[in-house]
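Here's the structure we're looking at; comments come further down.
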Amino acid sequence: MRLLLGLGLLAAAASAQDADRLTTFVDCPGYVPGCDIEFFQTEIGFARFVRDQANADAYVLVAAEETGGGGTRYTLYVQGRRGKTAGRRDTLVTSVPPAASDDDQRRALLNRIRLGLVGLASQTPLADRITVGYTAPAASAETAAPARDPWNSWVISLNGQGFSNGEQSYTSTNLYGSVSARRVTDALKVSIRPSVSYSRSAYDLGDTTEVATTSSYGLYTLAVKSLDAHWSAGGRASVSRSTYSNYKLQARAMPAVEYNVFPFSESTRRQIRIYYGAGVEHSVYADTTIFEKTREVQAIHNGGVATEFAQPWGSVDIYTEATHYLTLPDKYNLQIGGGVELRVIRGLSVRVDGQYSFVRDQINLPAEDPSDSEILTRQQELATGFNYYASVGLSYSFGSIYNQVVNARFGS
């Protein structure tokens with residue numbers, strides 16, 4: 001009896017605490033830069049954050065996508081789930097520039113989450129204890145001069161990476177560099193990206209040293225025109241070289257069209273994209289191929305379907321893509337892959353990722369069989385009928401539904 005009475009008092013105390021806070025679940029599926037739940041907990045005093053959306057009066061789904069300038073645009077979907085907040089829905093959007101720090105990112109999200117929760121809290125007794133502030137800009141929108149963009153929406157990024165590791169009988173060096181130029185507007189997306197990579201590994205076998213090197217370079221371009229809310233047209237073109245894949249030169253051009261079942265304005269939350277392209281591929285091989293070719297030109301086409309969803313029940317991105325040489329009916333590559341994260345029951349989530357490829361298009365393989373050392377050191381692409389990767393993750397948590405307290409001592 002005393003135990004039941006004690007449990008009843010605890011439940012009453014928890015209900016009283018809930019009346020002083022808006023129970024909130026913030027959902028950031030995948031990787032969302034700046035989504036710092038602990039920070040939000042300490043900064044939003046009228047919200048009590050919970051670990052499971054089933055316990056929340058307010059549900060906030062945060063989706064992020066990269067902007068044309070290299071920054072991040074956040075779209076927040078705020079929903080009322082229970083009591084007086086039930087049925088209310090708001091969508092809030094904010095962006096941060098490419099040079100934004102981690103703190104800039106999380107404060108931009110904090111501001112929009114707070115605004116969304118104030119809208120829900122205004123329907124509850126919490127409204128009597130919430131005040132709203134406003135910071136006036138230095139110049140009004142009517143008097144501020146329009147910003148001039150000397151780069152005309154072009155963004156240039158330089159990337160370089162080098163790393164080395166080794167031990168007494170082994171050393172490895174890898175170098176990579178790229179430049180990207182992008183111009184992204186609502187009407188047109190253009191990108192140009194040259195890149196180069198080099199890898200060298202040395203194996204000390206006692207009486208001899210085995211050295212393995214691979215290198216590649218490429219220039220990759222994309223141009224896409226927005227036709228309407230669902231249709232796009234454009235194409236890809238590339239020029240590349242790869243010692244690993246036996247290409248002295250490979251050039252490909254492929255115009256394409258794409259249709260999105262949902263309007264592109266909803267792309268942060270849901271997409272079903274169907275695309276098709278056809279073009280030409282010109283190849284010059286470093287060594288004569290298994291088909292006795294040193295160079296050739298092939299007609300090629302490519303198509304696929306890609307889906308992406310971020311919803312309260314979880315997130316999913318699944319795709320299938322096929323590439324086929326038109327004059328070689330049995331030469332194709334079919335890929336199926338993606339990832340799914342599902343909230344099965346309260347506290348239980350399952351994540352599955354993977355890809356499987358049916359490889360039937362290796363017309364580039366050299367006629368001469370690779371040596372044992374080339375096989376072991378992966379200097380050369382090998383004949384295969386498939387490749388794959390897969391991962392499965394399971395998480396389950398239980399206990400107190402609240403996680404309001406933040407204690408950073410000795411790390412998180």
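Just so we're on the same page: first chain in the structure tokens is A, next is B, and so on; residues restart at 1 for each chain, and ligands are numbered from 1 in the order they show up.
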**Request:** Skip Glu341 in chain A itself and residues of its chain fewer than 6 positions away, then list as a list in words all residues within 7 Å of it, counting only C-alpha atoms.
**Result:** Gly314, Ser315, Val316, Ser349, Val350, Arg351 and Val352 of chain A
Asp36 in chain A surroundings by only C-alpha atoms, 9 Å radius, close-in-sequence under 6 positions cut, as a PDB file with C-alpha atoms, in the first residue's frame:
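Heads up, here's the output in selection.pdb:
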ATOM      1  CA  ARG A 106      23.382  25.553 -33.037  1.00  0.00           C
ATOM      2  CA  LEU A 109      18.629  26.196 -34.751  1.00  0.00           C
ATOM      3  CA  LEU A 110      17.983  27.284 -31.157  1.00  0.00           C
TER       4      LEU A 110
END
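From CA of Phe264 in chain A back to CA of His230 in chain A, the distance works out to 6.4 Å.
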**Item:** Which of range 114-323 of chain A DSSP labels strand (DSSP E), written as JSON, numbers by chain
**Value:** {"A": [154, 155, 156, 157, 158, 159, 160, 161, 162, 163, 164, 165, 166, 167, 170, 171, 172, 173, 174, 175, 176, 177, 178, 179, 180, 181, 182, 183, 184, 188, 189, 190, 191, 192, 193, 194, 195, 196, 197, 198, 199, 200, 201, 202, 203, 204, 209, 210, 211, 212, 213, 214, 215, 216, 217, 218, 219, 220, 221, 222, 223, 224, 225, 226, 231, 232, 233, 234, 235, 236, 237, 238, 239, 240, 241, 242, 247, 248, 249, 250, 251, 252, 253, 254, 255, 256, 257, 258, 259, 260, 270, 271, 272, 273, 274, 275, 276, 277, 278, 279, 280, 281, 282, 283, 284, 285, 295, 296, 297, 298, 299, 300, 301, 302, 303, 304, 305, 306, 307, 308, 309, 310, 311, 314, 315, 316, 317, 318, 319, 320, 321, 322, 323]}
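Closest to Arg107 in chain A among A:Leu158, A:Gly34, A:Gln79, A:Arg48 is A:Gly34, based on only C-alpha atoms.
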